[in-house]
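> Structure file final01.json (JSON, C-alpha atoms) is given on the next line.
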[["chain", "number", "residue", "atom", "x", "y", "z"],
["A", 1, "MET", "CA", 22.29, 139.36, 63.61],
["A", 2, "ARG", "CA", 18.74, 138.14, 64.09],
["A", 3, "PHE", "CA", 16.70, 136.29, 61.49],
["A", 4, "THR", "CA", 13.12, 137.24, 61.00],
["A", 5, "LYS", "CA", 10.45, 134.57, 60.84],
["A", 6, "ARG", "CA", 10.18, 135.20, 57.12],
["A", 7, "GLN", "CA", 13.93, 134.65, 56.60],
["A", 8, "SER", "CA", 13.85, 131.52, 58.74],
["A", 9, "GLY", "CA", 10.99, 130.16, 56.66],
["A", 10, "MET", "CA", 12.89, 130.86, 53.45],
["A", 11, "ALA", "CA", 16.00, 129.15, 54.80],
["A", 12, "LEU", "CA", 13.99, 126.10, 55.82],
["A", 13, "ALA", "CA", 12.34, 125.92, 52.39],
["A", 14, "LEU", "CA", 15.74, 126.20, 50.73],
["A", 15, "VAL", "CA", 17.12, 123.36, 52.89],
["A", 16, "LEU", "CA", 14.11, 121.16, 52.10],
["A", 17, "TRP", "CA", 14.45, 121.92, 48.39],
["A", 18, "MET", "CA", 18.14, 120.98, 48.46],
["A", 19, "LEU", "CA", 17.36, 117.74, 50.33],
["A", 20, "THR", "CA", 14.72, 116.88, 47.75],
["A", 21, "ALA", "CA", 17.09, 117.59, 44.88],
["A", 22, "LEU", "CA", 19.80, 115.47, 46.50],
["A", 23, "SER", "CA", 17.32, 112.63, 47.03],
["A", 24, "VAL", "CA", 16.29, 112.72, 43.37],
["A", 25, "LEU", "CA", 19.95, 112.81, 42.32],
["A", 26, "ALA", "CA", 20.80, 109.87, 44.59],
["A", 27, "ALA", "CA", 17.85, 107.86, 43.26],
["A", 28, "GLY", "CA", 18.99, 108.56, 39.70],
["A", 29, "LEU", "CA", 22.53, 107.44, 40.47],
["A", 30, "VAL", "CA", 21.25, 104.23, 42.05],
["A", 31, "ALA", "CA", 19.05, 103.54, 39.01],
["A", 32, "MET", "CA", 21.97, 104.19, 36.65],
["A", 33, "SER", "CA", 24.18, 101.91, 38.72],
["A", 34, "ARG", "CA", 21.61, 99.10, 38.61],
["A", 35, "GLU", "CA", 21.12, 99.61, 34.88],
["A", 36, "GLY", "CA", 24.86, 99.50, 34.31],
["A", 37, "THR", "CA", 25.22, 96.36, 36.40],
["A", 38, "GLY", "CA", 22.39, 94.71, 34.47],
["A", 39, "SER", "CA", 24.06, 95.62, 31.18],
["A", 40, "ILE", "CA", 27.36, 94.14, 32.33],
["A", 41, "ASP", "CA", 25.64, 90.95, 33.49],
["A", 42, "ALA", "CA", 23.91, 90.63, 30.12],
["A", 43, "LYS", "CA", 27.22, 91.03, 28.27],
["A", 44, "ILE", "CA", 28.88, 88.43, 30.48],
["A", 45, "THR", "CA", 26.03, 85.97, 29.85],
["A", 46, "SER", "CA", 26.23, 86.64, 26.11],
["A", 47, "ALA", "CA", 30.00, 86.05, 26.11],
["A", 48, "LYS", "CA", 29.57, 82.78, 28.03],
["A", 49, "ALA", "CA", 26.89, 81.66, 25.57],
["A", 50, "PHE", "CA", 29.07, 82.54, 22.57],
["A", 51, "TYR", "CA", 32.00, 80.37, 23.62],
["A", 52, "LEU", "CA", 29.87, 77.62, 25.15],
["A", 53, "GLY", "CA", 27.94, 77.43, 21.89],
["A", 54, "LYS", "CA", 31.09, 76.79, 19.85],
["A", 55, "GLY", "CA", 32.03, 73.78, 21.97],
["A", 56, "ALA", "CA", 28.47, 72.48, 22.23],
["A", 57, "ALA", "CA", 28.09, 72.63, 18.43],
["A", 58, "ARG", "CA", 31.09, 70.35, 17.92],
["A", 59, "LEU", "CA", 29.89, 68.01, 20.68],
["A", 60, "VAL", "CA", 26.37, 67.55, 19.30],
["A", 61, "MET", "CA", 27.76, 67.00, 15.79],
["A", 62, "MET", "CA", 30.04, 64.27, 17.15],
["A", 63, "ASP", "CA", 27.18, 62.60, 19.03],
["A", 64, "ARG", "CA", 24.99, 62.79, 15.94],
["A", 65, "ALA", "CA", 27.71, 61.26, 13.78],
["A", 66, "HIS", "CA", 28.13, 58.38, 16.21],
["A", 67, "GLN", "CA", 24.40, 57.73, 16.19],
["A", 68, "GLN", "CA", 24.28, 57.82, 12.40],
["A", 69, "SER", "CA", 27.23, 55.39, 12.25],
["A", 70, "GLY", "CA", 25.28, 52.99, 14.47],
["A", 71, "GLU", "CA", 22.27, 53.28, 12.16],
["A", 72, "TRP", "CA", 24.44, 52.56, 9.15],
["A", 73, "VAL", "CA", 25.83, 49.43, 10.79],
["A", 74, "GLY", "CA", 22.35, 48.01, 11.34],
["A", 75, "ALA", "CA", 20.92, 49.10, 7.99],
["A", 76, "SER", "CA", 20.73, 46.79, 5.00],
["A", 77, "THR", "CA", 20.38, 49.65, 2.50],
["A", 78, "THR", "CA", 20.79, 53.40, 2.56],
["A", 79, "GLU", "CA", 16.99, 53.73, 2.47],
["A", 80, "ASP", "CA", 16.82, 52.07, 5.89],
["A", 81, "VAL", "CA", 18.77, 54.90, 7.51],
["A", 82, "LYS", "CA", 16.58, 57.35, 9.44],
["A", 83, "SER", "CA", 17.18, 60.59, 7.60],
["A", 84, "ASP", "CA", 13.78, 62.21, 8.03],
["A", 85, "THR", "CA", 14.24, 63.51, 11.57],
["A", 86, "ILE", "CA", 16.08, 66.45, 13.12],
["A", 87, "TYR", "CA", 18.70, 65.25, 15.60],
["A", 88, "THR", "CA", 18.15, 66.64, 19.12],
["A", 89, "ALA", "CA", 20.26, 66.27, 22.25],
["A", 90, "SER", "CA", 20.36, 67.73, 25.76],
["A", 91, "TYR", "CA", 23.45, 68.56, 27.85],
["A", 92, "GLN", "CA", 24.24, 69.97, 31.30],
["A", 93, "PHE", "CA", 27.37, 72.08, 31.71],
["A", 94, "GLY", "CA", 27.55, 73.15, 35.34],
["A", 95, "ASP", "CA", 24.44, 75.24, 35.94],
["A", 96, "VAL", "CA", 23.80, 75.73, 32.21],
["A", 97, "ALA", "CA", 21.28, 73.41, 30.54],
["A", 98, "VAL", "CA", 21.60, 73.16, 26.75],
["A", 99, "ILE", "CA", 19.16, 71.78, 24.19],
["A", 100, "ALA", "CA", 20.74, 71.34, 20.75],
["A", 101, "ARG", "CA", 19.05, 70.63, 17.42],
["A", 102, "VAL", "CA", 20.89, 69.88, 14.18],
["A", 103, "PHE", "CA", 19.30, 71.17, 10.97],
["A", 104, "PRO", "CA", 20.71, 70.33, 7.52],
["A", 105, "SER", "CA", 21.40, 73.23, 5.18],
["A", 106, "SER", "CA", 18.55, 71.95, 2.97],
["A", 107, "GLY", "CA", 16.10, 73.43, 5.48],
["A", 108, "PHE", "CA", 17.42, 76.99, 5.17],
["A", 109, "MET", "CA", 17.54, 79.78, 2.63],
["A", 110, "LEU", "CA", 20.75, 79.45, 0.63],
["A", 111, "MET", "CA", 22.79, 82.48, -0.38],
["A", 112, "PRO", "CA", 21.33, 83.49, -3.75],
["A", 113, "THR", "CA", 23.13, 82.90, -7.01],
["A", 114, "GLY", "CA", 20.41, 84.68, -8.97],
["A", 115, "ALA", "CA", 16.76, 85.65, -8.91],
["A", 116, "SER", "CA", 14.36, 83.12, -7.37],
["A", 117, "GLU", "CA", 10.72, 83.03, -6.31],
["A", 118, "SER", "CA", 11.67, 81.45, -2.99],
["A", 119, "TRP", "CA", 13.61, 84.60, -2.05],
["A", 120, "VAL", "CA", 10.60, 86.77, -2.89],
["A", 121, "THR", "CA", 8.54, 84.62, -0.53],
["A", 122, "PHE", "CA", 11.25, 84.72, 2.11],
["A", 123, "LEU", "CA", 11.79, 88.49, 2.02],
["A", 124, "SER", "CA", 8.05, 89.17, 2.18],
["A", 125, "ARG", "CA", 7.03, 86.61, 4.82],
["A", 126, "VAL", "CA", 10.12, 86.71, 7.05],
["A", 127, "GLY", "CA", 11.88, 89.94, 6.06],
["A", 128, "GLY", "CA", 8.76, 92.09, 6.32],
["A", 129, "LEU", "CA", 8.90, 93.60, 2.81],
["A", 130, "ASP", "CA", 5.83, 93.88, 0.63],
["A", 131, "VAL", "CA", 5.83, 91.49, -2.33],
["A", 132, "ALA", "CA", 6.60, 94.19, -4.89],
["A", 133, "SER", "CA", 9.61, 95.49, -2.94],
["A", 134, "ALA", "CA", 10.84, 91.93, -2.33],
["A", 135, "ALA", "CA", 10.66, 91.19, -6.06],
["A", 136, "GLN", "CA", 12.67, 94.34, -6.83],
["A", 137, "VAL", "CA", 15.38, 93.29, -4.35],
["A", 138, "VAL", "CA", 15.55, 89.79, -5.82],
["A", 139, "ASP", "CA", 15.86, 91.18, -9.35],
["A", 140, "ARG", "CA", 19.09, 92.90, -8.22],
["A", 141, "PHE", "CA", 20.70, 89.70, -6.94],
["A", 142, "GLU", "CA", 22.23, 88.42, -10.17],
["A", 143, "SER", "CA", 23.99, 91.64, -11.16],
["A", 144, "TYR", "CA", 25.08, 92.36, -7.58],
["A", 145, "PHE", "CA", 26.66, 88.98, -6.94],
["A", 146, "GLU", "CA", 28.27, 88.95, -10.39],
["A", 147, "ASP", "CA", 29.82, 92.37, -9.81],
["A", 148, "ASN", "CA", 31.02, 91.60, -6.28],
["A", 149, "ASP", "CA", 33.33, 88.76, -5.31],
["A", 150, "VAL", "CA", 31.66, 87.73, -2.06],
["A", 151, "ALA", "CA", 32.21, 83.98, -1.83],
["A", 152, "GLY", "CA", 35.15, 82.37, -0.11],
["A", 153, "GLY", "CA", 36.28, 79.34, 1.82],
["A", 154, "VAL", "CA", 36.32, 79.02, 5.59],
["A", 155, "THR", "CA", 38.26, 76.91, 8.05],
["A", 156, "ALA", "CA", 37.43, 77.67, 11.67],
["A", 157, "PRO", "CA", 36.84, 81.43, 11.96],
["A", 158, "ASP", "CA", 36.54, 83.50, 15.08],
["A", 159, "THR", "CA", 33.63, 85.59, 13.86],
["A", 160, "SER", "CA", 33.52, 87.71, 17.00],
["A", 161, "THR", "CA", 35.85, 90.20, 15.27],
["A", 162, "PHE", "CA", 35.80, 91.91, 11.91],
["A", 163, "GLY", "CA", 39.27, 90.58, 11.19],
["A", 164, "GLY", "CA", 38.00, 87.08, 11.85],
["A", 165, "TYR", "CA", 35.21, 87.57, 9.33],
["A", 166, "VAL", "CA", 37.65, 88.85, 6.71],
["A", 167, "SER", "CA", 40.09, 85.98, 7.13],
["A", 168, "ALA", "CA", 37.24, 83.48, 7.33],
["A", 169, "TYR", "CA", 35.62, 84.43, 4.06],
["A", 170, "SER", "CA", 38.64, 85.38, 1.96],
["A", 171, "GLY", "CA", 40.29, 82.00, 1.57],
["A", 172, "GLY", "CA", 41.34, 78.92, 3.49],
["A", 173, "GLU", "CA", 41.17, 75.17, 3.37],
["A", 174, "LEU", "CA", 37.91, 74.90, 1.47],
["A", 175, "GLY", "CA", 38.99, 77.34, -1.22],
["A", 176, "ALA", "CA", 36.82, 79.62, -3.32],
["A", 177, "GLY", "CA", 34.96, 76.63, -4.66],
["A", 178, "GLY", "CA", 33.87, 75.50, -1.22],
["A", 179, "GLY", "CA", 30.44, 77.03, -1.66],
["A", 180, "VAL", "CA", 30.67, 79.10, 1.53],
["A", 181, "SER", "CA", 29.44, 82.69, 1.32],
["A", 182, "TYR", "CA", 29.59, 85.80, 3.48],
["A", 183, "VAL", "CA", 25.97, 86.37, 4.61],
["A", 184, "GLU", "CA", 26.63, 90.01, 5.59],
["A", 185, "THR", "CA", 27.11, 90.89, 1.92],
["A", 186, "LEU", "CA", 23.32, 90.88, 1.59],
["A", 187, "LEU", "CA", 23.48, 94.32, 3.21],
["A", 188, "GLY", "CA", 25.10, 95.59, 0.02],
["A", 189, "VAL", "CA", 22.01, 94.79, -2.05],
["A", 190, "GLU", "CA", 19.82, 97.84, -2.54],
["A", 191, "GLY", "CA", 16.61, 97.41, -0.58],
["A", 192, "VAL", "CA", 18.06, 95.13, 2.11],
["A", 193, "THR", "CA", 18.03, 97.51, 5.05],
["A", 194, "ARG", "CA", 19.57, 96.78, 8.44],
["A", 195, "GLU", "CA", 16.08, 96.11, 9.80],
["A", 196, "VAL", "CA", 15.33, 93.59, 7.05],
["A", 197, "TYR", "CA", 18.74, 91.98, 7.46],
["A", 198, "GLU", "CA", 18.28, 91.51, 11.22],
["A", 199, "ARG", "CA", 15.00, 89.72, 10.54],
["A", 200, "ILE", "CA", 16.45, 87.29, 8.01],
["A", 201, "ARG", "CA", 20.10, 86.76, 8.96],
["A", 202, "ARG", "CA", 19.54, 83.73, 11.23],
["A", 203, "SER", "CA", 17.53, 81.99, 8.52],
["A", 204, "VAL", "CA", 20.16, 82.22, 5.78],
["A", 205, "ALA", "CA", 22.75, 79.49, 5.32],
["A", 206, "PRO", "CA", 26.29, 80.74, 4.53],
["A", 207, "VAL", "CA", 26.22, 78.41, 1.54],
["A", 208, "ALA", "CA", 25.54, 79.38, -2.07],
["A", 209, "GLY", "CA", 22.68, 77.66, -3.87],
["A", 210, "SER", "CA", 19.26, 78.06, -5.43],
["A", 211, "ALA", "CA", 17.11, 75.33, -3.85],
["A", 212, "THR", "CA", 13.92, 76.19, -1.97],
["A", 213, "PRO", "CA", 14.04, 75.30, 1.76],
["A", 214, "ASP", "CA", 12.64, 71.89, 2.62],
["A", 215, "PRO", "CA", 10.06, 72.59, 5.38],
["A", 216, "ALA", "CA", 10.60, 69.11, 6.81],
["A", 217, "PHE", "CA", 14.08, 70.17, 7.94],
["A", 218, "ALA", "CA", 13.46, 73.89, 8.41],
["A", 219, "PRO", "CA", 13.43, 76.00, 11.59],
["A", 220, "PRO", "CA", 10.02, 77.38, 12.68],
["A", 221, "GLU", "CA", 10.15, 80.68, 10.81],
["A", 222, "LEU", "CA", 10.92, 78.98, 7.48],
["A", 223, "LYS", "CA", 8.55, 76.10, 8.10],
["A", 224, "ALA", "CA", 5.78, 78.68, 8.45],
["A", 225, "ALA", "CA", 6.89, 80.65, 5.39],
["A", 226, "PHE", "CA", 7.02, 77.59, 3.13],
["A", 227, "GLN", "CA", 4.25, 75.58, 4.77],
["A", 228, "GLU", "CA", 2.78, 74.47, 1.44],
["A", 229, "GLY", "CA", 5.86, 72.32, 0.82],
["A", 230, "LEU", "CA", 5.18, 70.04, 3.77],
["A", 231, "GLU", "CA", 3.32, 67.54, 1.59],
["A", 232, "ALA", "CA", 6.34, 67.10, -0.66],
["A", 233, "PRO", "CA", 8.57, 64.01, -0.25],
["A", 234, "LEU", "CA", 11.25, 64.50, 2.39],
["A", 235, "ALA", "CA", 14.64, 65.44, 0.98],
["A", 236, "LYS", "CA", 16.85, 62.88, 2.70],
["A", 237, "GLN", "CA", 19.85, 65.17, 3.10],
["A", 238, "ASN", "CA", 20.43, 65.48, 6.82],
["A", 239, "VAL", "CA", 22.72, 62.42, 6.67],
["A", 240, "ASN", "CA", 24.70, 63.26, 3.56],
["A", 241, "THR", "CA", 24.77, 67.05, 3.45],
["A", 242, "ARG", "CA", 28.06, 68.77, 4.26],
["A", 243, "TYR", "CA", 26.81, 71.85, 6.10],
["A", 244, "PHE", "CA", 24.59, 71.94, 9.17],
["A", 245, "CYS", "CA", 23.07, 74.53, 11.47],
["A", 246, "VAL", "CA", 23.27, 73.69, 15.17],
["A", 247, "GLU", "CA", 20.58, 75.61, 17.05],
["A", 248, "LEU", "CA", 21.30, 75.92, 20.76],
["A", 249, "LEU", "CA", 18.94, 76.94, 23.55],
["A", 250, "MET", "CA", 21.01, 77.69, 26.66],
["A", 251, "ASN", "CA", 19.34, 78.06, 30.05],
["A", 252, "PHE", "CA", 21.61, 79.86, 32.53],
["A", 253, "GLY", "CA", 20.45, 78.65, 35.92],
["A", 254, "GLY", "CA", 16.81, 79.28, 35.06],
["A", 255, "VAL", "CA", 17.45, 83.04, 34.93],
["A", 256, "GLU", "CA", 18.14, 83.74, 31.27],
["A", 257, "GLN", "CA", 17.69, 81.72, 28.11],
["A", 258, "MET", "CA", 19.98, 82.43, 25.17],
["A", 259, "SER", "CA", 19.47, 81.19, 21.61],
["A", 260, "GLN", "CA", 22.36, 80.72, 19.19],
["A", 261, "ARG", "CA", 22.83, 79.25, 15.72],
["A", 262, "VAL", "CA", 26.23, 77.87, 14.76],
["A", 263, "TRP", "CA", 26.98, 76.70, 11.22],
["A", 264, "VAL", "CA", 29.43, 73.84, 10.83],
["A", 265, "ASP", "CA", 31.11, 71.80, 8.13],
["A", 266, "GLY", "CA", 30.24, 68.28, 9.27],
["A", 267, "ARG", "CA", 33.35, 66.57, 7.92],
["A", 268, "GLY", "CA", 35.36, 65.07, 10.77],
["A", 269, "ALA", "CA", 32.34, 65.18, 13.09],
["A", 270, "GLU", "CA", 32.95, 61.67, 14.46],
["A", 271, "ARG", "CA", 36.31, 62.85, 15.82],
["A", 272, "GLY", "CA", 34.85, 66.05, 17.23],
["A", 273, "GLN", "CA", 36.57, 68.06, 14.51],
["A", 274, "SER", "CA", 33.62, 69.73, 12.79],
["A", 275, "LYS", "CA", 34.78, 73.06, 11.39],
["A", 276, "LEU", "CA", 32.87, 76.16, 12.46],
["A", 277, "VAL", "CA", 31.71, 78.01, 9.37],
["A", 278, "ARG", "CA", 29.69, 80.77, 11.00],
["A", 279, "VAL", "CA", 29.09, 81.50, 14.67],
["A", 280, "GLY", "CA", 25.94, 83.57, 15.17],
["A", 281, "ARG", "CA", 25.75, 85.96, 18.07],
["A", 282, "PRO", "CA", 23.59, 84.70, 20.95],
["A", 283, "VAL", "CA", 20.26, 86.47, 21.50],
["A", 284, "LEU", "CA", 17.71, 86.32, 24.28],
["A", 285, "ALA", "CA", 15.42, 83.43, 23.45],
["A", 286, "ASN", "CA", 12.25, 85.37, 24.26],
["A", 287, "SER", "CA", 13.31, 88.36, 22.15],
["A", 288, "ALA", "CA", 14.83, 86.57, 19.14],
["A", 289, "GLN", "CA", 13.82, 87.89, 15.75],
["A", 290, "ALA", "CA", 11.81, 85.65, 13.44],
["A", 291, "GLY", "CA", 14.98, 84.92, 11.50]]
Go ahead and render the structure in this file as C-alpha cells.

Amino acid sequence: MRFTKRQSGMALALVLWMLTALSVLAAGLVAMSREGTGSIDAKITSAKAFYLGKGAARLVMMDRAHQQSGEWVGASTTEDVKSDTIYTASYQFGDVAVIARVFPSSGFMLMPTGASESWVTFLSRVGGLDVASAAQVVDRFESYFEDNDVAGGVTAPDTSTFGGYVSAYSGGELGAGGGVSYVETLLGVEGVTREVYERIRRSVAPVAGSATPDPAFAPPELKAAFQEGLEAPLAKQNVNTRYFCVELLMNFGGVEQMSQRVWVDGRGAERGQSKLVRVGRPVLANSAQAG
C-alpha cells in the first residue's frame, strides 16, 4: 500500500506533534521533580532548625546565667548589675552559624487578662487591623478569657504535635498559677483571623499579664510599635524575670537563614536546665512576618 505525499505529510506532522507533546510533558515532570526536591530540602532544613533551636536556647541561657553570676560577684549593689542590655551570643555547630539574642518577657506583648490600650496599638500597628476593629477585638478579651479556661502550667513540651500542646498547657510542674498561657487561644476571639494571628503570634509572650511592652527590651516589630516609650526609664527586668524569649538566627552553610523564637523558663539556667515553655516554628529569615 502506497502513501500519497499528502498522507506522508500528515504522518510527519502527527509525529512532530507527538514529539512536542512528549517534550512538554517531560519538561513538566522535571519541573515537578525539582519543585518536590526543593520542598523536601526546605522541610529538612526546617526540622534541623527546630531541634537545633531547642538545644541552642538552653545553651545561650546557661551562658547568660554564668555571665550574670560573674557580674553579681563583682557588683557592690544590685544597681551595679548591667540589666539594660539584651544578651547576645554567637555559636558554630558544624556548618550552621547561630546568632542568639535573649529578650526578657517585659519586652513582649503579654497574654491579655482584660481590655488594654496597648493591645489596641499592637493589633493595629502589628496585626494590621484598623483602630476601630482592634478596639472591638480588645473589648471582647475580658469576657472571652473569663468564659474559657485557657491558662495552664508547662514543663518541657514538645510543641511540634497537637498532643504536645495539649499536655503542655493543661497542667504540669508550674501548675495553673504558673502564669503560662496558650497563645493559640487568641484564635478563639472574634475578629482575630488566621491572617492577623500569623502577624502577631511571634510577638506575644505565653505569659499572662497586662503591662505594656518595654521598647528597651523589645524585638524590632514591637520597638517600632511602641517607639514613644523609648524615653521612659529602663525596666531592669532582664536579670530577674522568670520568662525569656531566645531569638535564634540560623545560617545553614550560607544557603538558607532560618529565624526561630523559643520561650524558656529561666530557672535552672546555670545548670543548662532551662525549661522550654514554647517552641516557635522556624521561618525563613527573609520572609518572616512582622510578628
> Taking only C-alpha atoms into account, name the residue in A:Glu247, A:Glu117, A:Asp214, A:Glu190 that is nearest to A:Val102.
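Once distances to A:Val102 are computed over only C-alpha atoms, the minimum belongs to A:Glu247.
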> Set up a box along x, y and z of the file covering all listed atoms of stretch 200-218 of chain A, add 4 Å on every one of the six sides, and write the centre and edge lengths in Å to one decimal, as JSON.

{"center_x": 18.2, "center_y": 78.2, "center_z": 2.9, "size_x": 24.2, "size_y": 26.2, "size_z": 24.7}
> Measuring atom to atom with only C-alpha atoms, identify which of A:Ala225, A:Ala269, A:Ala89, A:Ala134 is nearest to A:Thr212.
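Closest residue, counting only C-alpha atoms: A:Ala225.
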> Please, what distance in Å, to one decimal, runs between atom CA of A:Pro219 and atom CA of A:Gln136?
26.0 Å
> Find, counting all atoms listed in the file, the residue in A:Gln273, A:Gln67, A:Ser116, A:Thr121 that gets nearest to A:Arg140.
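Once distances to A:Arg140 are computed over all atoms listed in the file, the minimum belongs to A:Ser116.
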> Counting only C-alpha atoms, what is within 12 Å of A:Lys54, bar same-chain residues fewer than 6 positions away, as a ChimeraX atom specification?
/A:47-48,60-61,100,156-160,245-248,260-264,272-282
> Selection from above, C-alpha atoms, as a JSON list (two decimals), keeping the file's coordinate frame, can you write it?

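File result-v1.json, as written:
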[["chain", "number", "residue", "atom", "x", "y", "z"],
["A", 47, "ALA", "CA", 30.00, 86.05, 26.11],
["A", 48, "LYS", "CA", 29.57, 82.78, 28.03],
["A", 60, "VAL", "CA", 26.37, 67.55, 19.30],
["A", 61, "MET", "CA", 27.76, 67.00, 15.79],
["A", 100, "ALA", "CA", 20.74, 71.34, 20.75],
["A", 156, "ALA", "CA", 37.43, 77.67, 11.67],
["A", 157, "PRO", "CA", 36.84, 81.43, 11.96],
["A", 158, "ASP", "CA", 36.54, 83.50, 15.08],
["A", 159, "THR", "CA", 33.63, 85.59, 13.86],
["A", 160, "SER", "CA", 33.52, 87.71, 17.00],
["A", 245, "CYS", "CA", 23.07, 74.53, 11.47],
["A", 246, "VAL", "CA", 23.27, 73.69, 15.17],
["A", 247, "GLU", "CA", 20.58, 75.61, 17.05],
["A", 248, "LEU", "CA", 21.30, 75.92, 20.76],
["A", 260, "GLN", "CA", 22.36, 80.72, 19.19],
["A", 261, "ARG", "CA", 22.83, 79.25, 15.72],
["A", 262, "VAL", "CA", 26.23, 77.87, 14.76],
["A", 263, "TRP", "CA", 26.98, 76.70, 11.22],
["A", 264, "VAL", "CA", 29.43, 73.84, 10.83],
["A", 272, "GLY", "CA", 34.85, 66.05, 17.23],
["A", 273, "GLN", "CA", 36.57, 68.06, 14.51],
["A", 274, "SER", "CA", 33.62, 69.73, 12.79],
["A", 275, "LYS", "CA", 34.78, 73.06, 11.39],
["A", 276, "LEU", "CA", 32.87, 76.16, 12.46],
["A", 277, "VAL", "CA", 31.71, 78.01, 9.37],
["A", 278, "ARG", "CA", 29.69, 80.77, 11.00],
["A", 279, "VAL", "CA", 29.09, 81.50, 14.67],
["A", 280, "GLY", "CA", 25.94, 83.57, 15.17],
["A", 281, "ARG", "CA", 25.75, 85.96, 18.07],
["A", 282, "PRO", "CA", 23.59, 84.70, 20.95]]
> At a cut-off of 7 Å, using all atoms listed in the file, what residues contact A:Val98? Leave out same-chain residues fewer than 3 positions from it and give the result as a PyMOL selection string.
chain A and resi 90-92+248-251
> Take the selection from the previous step and output its residues with C-alpha atoms, as a compact mmCIF listing (two decimals), in the coordinates of the input.

# COMPACT_ATOMS: atom_id res chain seq x y z
CA SER A 90 20.36 67.73 25.76
CA TYR A 91 23.45 68.56 27.85
CA GLN A 92 24.24 69.97 31.30
CA LEU A 248 21.30 75.92 20.76
CA LEU A 249 18.94 76.94 23.55
CA MET A 250 21.01 77.69 26.66
CA ASN A 251 19.34 78.06 30.05
> For A:Gln227, which residue among A:Arg58, A:Arg64, A:Arg125, A:Arg271 is the nearest when counting all atoms listed in the file?
A:Arg125
> For A:Ala211, which of A:Met109, A:Leu25, A:Ile86, A:Leu59 is the closest residue, counting all atoms listed in the file?
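Once distances to A:Ala211 are computed over all atoms listed in the file, the minimum belongs to A:Met109.
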> Would you pick out the contacts of A:Ser124 at 10 Å or less, using only C-alpha atoms, so that residues sharing its chain but fewer than 4 positions from it are not included, and give the list as a PyMOL selection string?
chain A and resi 118-120+128-135+196+225
> Hey, which of A:Ala224, A:Val138, A:Tyr87, A:Ser259 ends up closest to A:Ala65? Count all atoms listed in the file.
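The shortest atom-to-atom distance to A:Ala65 comes from A:Tyr87.
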> Please report the interatomic distance between atom CA of A:Lys43 and atom CA of A:Asn286 in Å with one decimal.
16.5 Å
> Might you pull out every residue within 7 Å of A:Gly127, with only C-alpha atoms counted and same-chain residues fewer than 4 positions away left off, and present them as an NGL selection string?
:A and (122-123 or 196 or 199-200)
> Provide the atom CA of A:Tyr51 to atom CA of A:Leu284 distance in Å, to one decimal place.
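Answer for the atom CA of A:Tyr51 to atom CA of A:Leu284 separation: 15.5 Å.
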> When you write stretch 178-191 of chain A out from the block above, keep N, CA and C atoms and present the result as a PDB file, in the first residue's frame, please.

ATOM      1  N   GLY A 178       0.991  29.188  87.341  1.00  0.00           N
ATOM      2  CA  GLY A 178       2.319  29.494  86.834  1.00  0.00           C
ATOM      3  C   GLY A 178       2.364  30.693  85.924  1.00  0.00           C
ATOM      4  N   GLY A 179       1.197  31.175  85.483  1.00  0.00           N
ATOM      5  CA  GLY A 179       1.164  32.348  84.640  1.00  0.00           C
ATOM      6  C   GLY A 179       1.393  32.067  83.175  1.00  0.00           C
ATOM      7  N   VAL A 180       1.542  30.799  82.793  1.00  0.00           N
ATOM      8  CA  VAL A 180       1.777  30.448  81.396  1.00  0.00           C
ATOM      9  C   VAL A 180       0.444  30.262  80.685  1.00  0.00           C
ATOM     10  N   SER A 181       0.333  30.806  79.480  1.00  0.00           N
ATOM     11  CA  SER A 181      -0.914  30.739  78.726  1.00  0.00           C
ATOM     12  C   SER A 181      -0.694  30.154  77.336  1.00  0.00           C
ATOM     13  N   TYR A 182      -1.756  29.672  76.753  1.00  0.00           N
ATOM     14  CA  TYR A 182      -1.750  29.027  75.451  1.00  0.00           C
ATOM     15  C   TYR A 182      -2.044  30.104  74.397  1.00  0.00           C
ATOM     16  N   VAL A 183      -1.003  30.576  73.695  1.00  0.00           N
ATOM     17  CA  VAL A 183      -1.134  31.709  72.771  1.00  0.00           C
ATOM     18  C   VAL A 183      -2.161  31.437  71.672  1.00  0.00           C
ATOM     19  N   GLU A 184      -2.260  30.177  71.227  1.00  0.00           N
ATOM     20  CA  GLU A 184      -3.197  29.854  70.144  1.00  0.00           C
ATOM     21  C   GLU A 184      -4.650  30.136  70.489  1.00  0.00           C
ATOM     22  N   THR A 185      -4.963  30.285  71.777  1.00  0.00           N
ATOM     23  CA  THR A 185      -6.354  30.564  72.133  1.00  0.00           C
ATOM     24  C   THR A 185      -6.816  31.925  71.633  1.00  0.00           C
ATOM     25  N   LEU A 186      -5.884  32.791  71.254  1.00  0.00           N
ATOM     26  CA  LEU A 186      -6.282  34.081  70.687  1.00  0.00           C
ATOM     27  C   LEU A 186      -7.124  33.895  69.430  1.00  0.00           C
ATOM     28  N   LEU A 187      -6.941  32.756  68.748  1.00  0.00           N
ATOM     29  CA  LEU A 187      -7.729  32.487  67.546  1.00  0.00           C
ATOM     30  C   LEU A 187      -9.211  32.324  67.860  1.00  0.00           C
ATOM     31  N   GLY A 188      -9.528  32.058  69.120  1.00  0.00           N
ATOM     32  CA  GLY A 188     -10.932  31.908  69.501  1.00  0.00           C
ATOM     33  C   GLY A 188     -11.646  33.226  69.704  1.00  0.00           C
ATOM     34  N   VAL A 189     -10.900  34.322  69.771  1.00  0.00           N
ATOM     35  CA  VAL A 189     -11.515  35.636  69.968  1.00  0.00           C
ATOM     36  C   VAL A 189     -12.056  36.135  68.636  1.00  0.00           C
ATOM     37  N   GLU A 190     -13.299  36.515  68.625  1.00  0.00           N
ATOM     38  CA  GLU A 190     -13.914  37.017  67.391  1.00  0.00           C
ATOM     39  C   GLU A 190     -13.142  38.239  66.874  1.00  0.00           C
ATOM     40  N   GLY A 191     -12.768  38.173  65.604  1.00  0.00           N
ATOM     41  CA  GLY A 191     -12.033  39.274  64.998  1.00  0.00           C
ATOM     42  C   GLY A 191     -10.552  38.972  64.816  1.00  0.00           C
TER      43      GLY A 191
END
